[in-house]
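Trainee: Take a look at model.txt, compact mmCIF, C-alpha atoms:
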```
# COMPACT_ATOMS: atom_id res chain seq x y z
CA MET X 1 62.03 0.58 22.09
CA ASN X 2 60.79 -2.74 20.73
CA THR X 3 57.31 -3.47 19.34
CA GLU X 4 56.05 -5.04 22.58
CA GLN X 5 57.02 -1.95 24.57
CA LYS X 6 55.29 0.31 22.06
CA ILE X 7 52.06 -1.67 22.45
CA ILE X 8 52.27 -1.50 26.25
CA ASN X 9 52.90 2.25 26.23
CA TYR X 10 50.26 3.02 23.62
CA LYS X 11 47.17 4.68 25.04
CA TRP X 12 44.09 4.68 22.82
CA ILE X 13 42.52 8.13 22.60
CA PRO X 14 39.04 8.87 21.18
CA PHE X 15 40.35 11.94 19.38
CA THR X 16 37.41 12.09 16.96
CA THR X 17 35.00 12.46 19.87
CA TYR X 18 37.14 15.19 21.39
CA ALA X 19 37.51 16.93 18.03
CA ILE X 20 33.72 17.03 17.58
CA VAL X 21 33.32 18.44 21.09
CA GLY X 22 35.97 21.04 20.28
CA VAL X 23 34.19 22.12 17.08
CA ASN X 24 30.87 22.43 18.91
CA VAL X 25 32.42 24.53 21.67
CA ILE X 26 34.21 26.82 19.20
CA VAL X 27 31.03 27.37 17.18
CA PHE X 28 29.10 28.04 20.41
CA LEU X 29 31.62 30.69 21.48
CA LEU X 30 31.35 32.33 18.07
CA GLU X 31 27.57 32.39 18.42
CA GLU X 32 27.91 34.09 21.80
CA MET X 33 30.31 36.65 20.35
CA PHE X 34 28.12 37.56 17.38
CA GLY X 35 24.67 38.01 18.87
CA GLY X 36 24.17 35.26 21.43
CA SER X 37 23.42 31.55 21.04
CA GLU X 38 19.83 31.99 22.26
CA ASN X 39 19.09 34.69 19.68
CA LEU X 40 17.09 33.08 16.85
CA GLN X 41 18.42 35.44 14.20
CA THR X 42 21.99 34.66 15.24
CA SER X 43 21.22 30.94 15.03
CA ILE X 44 19.71 31.40 11.59
CA ASN X 45 22.76 33.35 10.45
CA PHE X 46 25.04 30.55 11.68
CA GLY X 47 23.06 27.87 9.84
CA ALA X 48 20.33 26.62 12.16
CA LEU X 49 17.71 24.36 10.60
CA TYR X 50 14.55 26.05 9.38
CA THR X 51 12.52 23.82 7.07
CA PRO X 52 11.04 26.57 4.83
CA TYR X 53 14.53 27.91 4.09
CA VAL X 54 15.72 24.45 3.09
CA ILE X 55 12.72 23.64 0.90
CA PHE X 56 11.90 27.00 -0.67
CA TYR X 57 15.36 28.60 -0.82
CA GLY X 58 17.49 25.49 -1.34
CA GLN X 59 19.59 26.07 1.79
CA VAL X 60 20.33 22.37 2.15
CA TYR X 61 23.54 23.07 4.05
CA ARG X 62 21.41 23.81 7.14
CA ILE X 63 20.73 20.08 7.54
CA PHE X 64 24.45 19.74 8.29
CA THR X 65 25.45 23.02 9.94
CA SER X 66 22.63 22.89 12.49
CA MET X 67 24.27 19.81 14.04
CA PHE X 68 27.00 22.05 15.46
CA LEU X 69 24.80 24.84 16.85
CA HIS X 70 23.19 25.07 20.28
CA PHE X 71 20.80 27.31 22.19
CA GLY X 72 22.42 28.35 25.46
CA VAL X 73 24.93 26.86 27.88
CA GLU X 74 22.54 24.23 29.25
CA HIS X 75 21.82 22.90 25.76
CA ILE X 76 25.44 22.50 24.67
CA GLY X 77 26.49 21.33 28.14
CA ALA X 78 23.98 18.47 28.20
CA ASN X 79 24.83 17.39 24.65
CA MET X 80 28.60 17.51 25.09
CA ILE X 81 28.43 15.58 28.37
CA SER X 82 26.36 12.92 26.60
CA LEU X 83 28.78 12.84 23.68
CA CYS X 84 31.79 12.41 25.98
CA ALA X 85 29.99 9.63 27.87
CA ILE X 86 28.83 7.68 24.80
CA GLY X 87 31.29 8.60 22.06
CA PRO X 88 34.47 6.85 23.26
CA TYR X 89 32.73 3.45 23.47
CA VAL X 90 31.36 3.73 19.94
CA GLU X 91 34.58 5.17 18.54
CA HIS X 92 36.60 2.32 20.02
CA TYR X 93 34.15 -0.21 18.56
CA PHE X 94 34.12 1.16 14.98
CA GLY X 95 37.34 3.12 14.77
CA HIS X 96 37.88 6.84 14.28
CA PHE X 97 36.70 7.22 10.68
CA LEU X 98 33.59 5.05 10.79
CA PHE X 99 32.63 6.71 14.06
CA LEU X 100 32.69 10.08 12.31
CA VAL X 101 30.63 8.70 9.42
CA LEU X 102 28.05 7.32 11.84
CA TYR X 103 27.88 10.57 13.80
CA ILE X 104 27.33 12.76 10.75
CA PHE X 105 24.91 10.31 9.10
CA SER X 106 22.79 10.07 12.27
CA GLY X 107 22.67 13.83 12.60
CA LEU X 108 21.61 14.27 8.98
CA ILE X 109 18.90 11.62 9.21
CA GLY X 110 17.66 13.13 12.47
CA ASN X 111 17.35 16.56 10.89
CA MET X 112 15.62 15.17 7.81
CA ALA X 113 13.16 13.33 10.06
CA SER X 114 12.51 16.62 11.84
CA MET X 115 11.87 18.35 8.51
CA PHE X 116 9.51 15.58 7.40
CA PHE X 117 7.51 15.85 10.63
CA GLU X 118 7.31 19.65 10.40
CA TRP X 119 6.27 19.56 6.75
CA ASN X 120 3.41 17.21 7.55
CA SER X 121 2.33 19.08 10.67
CA GLY X 122 2.66 22.53 9.13
CA ILE X 123 4.40 23.81 12.27
CA PHE X 124 7.92 25.09 11.64
CA ASN X 125 10.55 25.87 14.26
CA VAL X 126 14.17 26.97 14.20
CA SER X 127 16.12 23.96 15.45
CA ALA X 128 19.72 23.06 16.16
CA GLY X 129 21.80 20.70 18.25
CA ALA X 130 23.87 17.54 18.24
CA SER X 131 21.24 15.36 19.88
CA GLY X 132 20.15 13.58 16.68
CA ALA X 133 23.74 12.51 16.06
CA ILE X 134 24.19 11.52 19.71
CA PHE X 135 21.08 9.33 19.60
CA GLY X 136 22.61 7.61 16.58
CA LEU X 137 25.65 6.79 18.70
CA LEU X 138 23.40 5.64 21.53
CA SER X 139 21.76 3.12 19.20
CA VAL X 140 25.08 1.26 18.94
CA PHE X 141 24.62 0.14 22.53
CA ILE X 142 21.88 -2.15 21.20
CA LEU X 143 24.57 -3.87 19.13
CA PHE X 144 26.74 -4.06 22.23
CA ALA X 145 23.89 -5.79 24.07
CA MET X 146 23.55 -8.32 21.23
CA ASN X 147 27.28 -9.06 21.12
CA PRO X 148 28.14 -12.24 23.13
CA LYS X 149 31.40 -10.66 24.27
CA LEU X 150 29.80 -7.43 25.46
CA ARG X 151 26.29 -8.32 26.61
CA ARG X 152 27.36 -8.85 30.21
CA VAL X 153 28.65 -5.29 30.38
CA PHE X 154 25.68 -3.91 28.41
CA PRO X 155 22.58 -5.93 29.41
CA ILE X 156 19.82 -5.55 26.82
CA HIS X 157 17.12 -4.59 29.36
CA ARG X 158 19.23 -1.74 30.71
CA VAL X 159 20.15 -0.52 27.24
CA ILE X 160 16.53 -0.52 26.06
CA LEU X 161 15.35 1.16 29.25
CA SER X 162 18.01 3.87 28.95
CA ILE X 163 17.11 4.58 25.33
CA PHE X 164 13.39 4.56 26.12
CA LEU X 165 13.79 7.01 29.00
CA SER X 166 16.01 9.26 26.89
CA LEU X 167 13.37 9.39 24.16
CA VAL X 168 10.39 9.82 26.48
CA ALA X 169 12.12 12.69 28.26
CA GLY X 170 11.56 14.80 25.17
CA LEU X 171 7.90 14.03 24.59
CA ASN X 172 6.54 16.53 27.08
CA ASP X 173 9.07 19.26 26.34
CA PRO X 174 8.14 21.37 23.29
CA SER X 175 11.70 22.71 23.09
CA ILE X 176 13.05 19.20 22.37
CA ASP X 177 12.86 17.86 18.82
CA PHE X 178 11.58 14.31 19.34
CA ALA X 179 11.52 13.58 15.60
CA ALA X 180 15.22 14.40 15.32
CA HIS X 181 16.02 12.16 18.28
CA PHE X 182 14.04 9.22 16.94
CA GLY X 183 15.29 9.72 13.38
CA GLY X 184 18.89 9.85 14.54
CA LEU X 185 18.40 6.75 16.67
CA LEU X 186 16.81 4.70 13.88
CA GLY X 187 19.15 5.91 11.15
CA GLY X 188 22.18 5.34 13.35
CA LEU X 189 21.07 1.83 14.26
CA ILE X 190 20.60 0.82 10.63
CA LEU X 191 23.96 2.20 9.51
CA ALA X 192 25.76 0.83 12.58
CA PHE X 193 24.38 -2.65 11.88
CA ILE X 194 25.48 -2.47 8.24
CA MET X 195 28.96 -1.29 9.20
CA GLN X 196 29.26 -4.00 11.83
CA GLU X 197 28.35 -6.73 9.35
CA ILE X 198 30.79 -5.36 6.75
CA LEU X 199 33.58 -5.36 9.32
CA ARG X 200 32.71 -8.89 10.43
CA PHE X 201 32.67 -10.08 6.82
CA GLY X 202 36.11 -8.57 6.32
CA ILE X 203 37.46 -10.31 9.42
CA ARG X 204 36.01 -13.67 8.34
CA ARG X 205 37.46 -13.24 4.88
CA GLU X 206 40.91 -12.52 6.29
CA LYS X 207 40.75 -15.63 8.47
CA VAL X 208 39.81 -17.80 5.52
CA SER X 209 42.55 -16.40 3.28
CA SER X 210 45.25 -16.64 5.98
```
Have the structure of the file written as structure tokens, please.
Mentor:
Amino acid sequence: MNTEQKIINYKWIPFTTYAIVGVNVIVFLLEEMFGGSENLQTSINFGALYTPYVIFYGQVYRIFTSMFLHFGVEHIGANMISLCAIGPYVEHYFGHFLFLVLYIFSGLIGNMASMFFEWNSGIFNVSAGASGAIFGLLSVFILFAMNPKLRRVFPIHRVILSIFLSLVAGLNDPSIDFAAHFGGLLGGLILAFIMQEILRFGIRREKVSS
């Protein structure tokens, strides 16, 4: 098989997105097996985010582990559907590794924003979920809308409206961590912009040197 045939037969697969979904599902099943995903003590045992534990007991790992925990089938179902809908576009745009970096970074920033809000409000909740990371991926659609080659497919008014509605949906629901959503969105957008400019600089440099 020659090179041209290999290119024709090659099918791009967003395996990082699918791997993240797989990890979330496996962790969810383990939660269900060992006490139930909607049991707060089980969530705490698995590494859910609880600000006092992070600050007073140094359990910093919770900022990361909580990204892969969910409360109930509806919670994980909604997040994984969103991840499968958004993830492949972003993964194709940045590549497998940078996509993973963006996902984890957005989730961490979202959780830290949640902790900051709770610390200032004095109201602490056990929280978990991939939504902060997913909002970081969603922010990349703003870059799509600003890209001359993609803006026809991703019109800026539709992108902004979609993000706005996604954020507002959590304002009136006390079970949704708005701070994590907004923190993930903002942190993801900043990192995505930086990564995009670094990649563009690399492409320009290659063109000049070739």
Trainee: Any idea what's packed within 12 Å of region 16-21 of chain X, counting all atoms listed in the file, ignoring anything in its chain fewer than 2 positions away? Could you give it as JSON, numbers by chain?
Mentor: {"X": [12, 13, 14, 23, 24, 25, 26, 27, 28, 67, 68, 69, 76, 77, 78, 79, 80, 81, 82, 83, 84, 85, 86, 87, 88, 89, 90, 91, 92, 94, 95, 96, 97, 98, 99, 100, 101, 102, 103, 104, 130, 133, 134, 137]}
Trainee: Could those selected residues go to a file with C-alpha atoms, as a PDB file, in the frame of the given file?
Mentor:
```
ATOM      1  CA  TRP X  12      44.090   4.680  22.820  1.00  0.00           C
ATOM      2  CA  ILE X  13      42.520   8.130  22.600  1.00  0.00           C
ATOM      3  CA  PRO X  14      39.040   8.870  21.180  1.00  0.00           C
ATOM      4  CA  VAL X  23      34.190  22.120  17.080  1.00  0.00           C
ATOM      5  CA  ASN X  24      30.870  22.430  18.910  1.00  0.00           C
ATOM      6  CA  VAL X  25      32.420  24.530  21.670  1.00  0.00           C
ATOM      7  CA  ILE X  26      34.210  26.820  19.200  1.00  0.00           C
ATOM      8  CA  VAL X  27      31.030  27.370  17.180  1.00  0.00           C
ATOM      9  CA  PHE X  28      29.100  28.040  20.410  1.00  0.00           C
ATOM     10  CA  MET X  67      24.270  19.810  14.040  1.00  0.00           C
ATOM     11  CA  PHE X  68      27.000  22.050  15.460  1.00  0.00           C
ATOM     12  CA  LEU X  69      24.800  24.840  16.850  1.00  0.00           C
ATOM     13  CA  ILE X  76      25.440  22.500  24.670  1.00  0.00           C
ATOM     14  CA  GLY X  77      26.490  21.330  28.140  1.00  0.00           C
ATOM     15  CA  ALA X  78      23.980  18.470  28.200  1.00  0.00           C
ATOM     16  CA  ASN X  79      24.830  17.390  24.650  1.00  0.00           C
ATOM     17  CA  MET X  80      28.600  17.510  25.090  1.00  0.00           C
ATOM     18  CA  ILE X  81      28.430  15.580  28.370  1.00  0.00           C
ATOM     19  CA  SER X  82      26.360  12.920  26.600  1.00  0.00           C
ATOM     20  CA  LEU X  83      28.780  12.840  23.680  1.00  0.00           C
ATOM     21  CA  CYS X  84      31.790  12.410  25.980  1.00  0.00           C
ATOM     22  CA  ALA X  85      29.990   9.630  27.870  1.00  0.00           C
ATOM     23  CA  ILE X  86      28.830   7.680  24.800  1.00  0.00           C
ATOM     24  CA  GLY X  87      31.290   8.600  22.060  1.00  0.00           C
ATOM     25  CA  PRO X  88      34.470   6.850  23.260  1.00  0.00           C
ATOM     26  CA  TYR X  89      32.730   3.450  23.470  1.00  0.00           C
ATOM     27  CA  VAL X  90      31.360   3.730  19.940  1.00  0.00           C
ATOM     28  CA  GLU X  91      34.580   5.170  18.540  1.00  0.00           C
ATOM     29  CA  HIS X  92      36.600   2.320  20.020  1.00  0.00           C
ATOM     30  CA  PHE X  94      34.120   1.160  14.980  1.00  0.00           C
ATOM     31  CA  GLY X  95      37.340   3.120  14.770  1.00  0.00           C
ATOM     32  CA  HIS X  96      37.880   6.840  14.280  1.00  0.00           C
ATOM     33  CA  PHE X  97      36.700   7.220  10.680  1.00  0.00           C
ATOM     34  CA  LEU X  98      33.590   5.050  10.790  1.00  0.00           C
ATOM     35  CA  PHE X  99      32.630   6.710  14.060  1.00  0.00           C
ATOM     36  CA  LEU X 100      32.690  10.080  12.310  1.00  0.00           C
ATOM     37  CA  VAL X 101      30.630   8.700   9.420  1.00  0.00           C
ATOM     38  CA  LEU X 102      28.050   7.320  11.840  1.00  0.00           C
ATOM     39  CA  TYR X 103      27.880  10.570  13.800  1.00  0.00           C
ATOM     40  CA  ILE X 104      27.330  12.760  10.750  1.00  0.00           C
ATOM     41  CA  ALA X 130      23.870  17.540  18.240  1.00  0.00           C
ATOM     42  CA  ALA X 133      23.740  12.510  16.060  1.00  0.00           C
ATOM     43  CA  ILE X 134      24.190  11.520  19.710  1.00  0.00           C
ATOM     44  CA  LEU X 137      25.650   6.790  18.700  1.00  0.00           C
TER      45      LEU X 137
END
```
Trainee: Suppose you want the space between CA of Ile156 (chain X) and CA of Ile142 (chain X); what is it in Å?
Mentor: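 A separation of 6.9 Å between them.
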Trainee: Go ahead and find all residues with at least one atom no further than 6 Å from (18.1, 9.3, 11.6) in the file's coordinates, using all atoms listed in the file; report them as a ChimeraX atom specification.
Mentor: /X:106,109-110,183-188
Trainee: Please determine, counting all atoms listed in the file, which residue among X:Gly36, X:Pro155, X:Gly47, X:Gly129 has the shortest atom-to-atom distance to His181 (chain X).
Mentor: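 Of X:Gly36, X:Pro155, X:Gly47, X:Gly129, the one nearest His181 (chain X) is X:Gly129, counting all atoms listed in the file.
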Trainee: State, in Å with one decimal place, the distance from CA of Ala113 (chain X) to CA of Phe182 (chain X).
Mentor: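 Separation between CA of Ala113 (chain X) and CA of Phe182 (chain X): 8.1 Å.
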Trainee: Mind listing whatever residues come within 12 Å of the point (21.3, 35.2, 18.2)? Use only C-alpha atoms, file coordinates, and give them as a PyMOL selection string.
Mentor: chain X and resi 28-48+69-72+126
Trainee: Which one is closest to Leu161 (chain X): X:Phe141, X:Val73, X:Asn120, X:Ile194? Count only C-alpha atoms.
Mentor: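 Using only C-alpha atoms, Leu161 (chain X) sits closest to X:Phe141.
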Trainee: Which distance in Å separates CA of Gly170 (chain X) and CA of Met112 (chain X), to one decimal?
Mentor: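 For CA of Gly170 (chain X) relative to CA of Met112 (chain X), the distance reads 17.8 Å.
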Trainee: Restricting the calculation to all atoms listed in the file: of X:Tyr53, X:Tyr93, X:Tyr61, X:Trp119, which residue gets closest to Leu150 (chain X)?
Mentor: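 So, comparing all the options, the nearest one is X:Tyr93.
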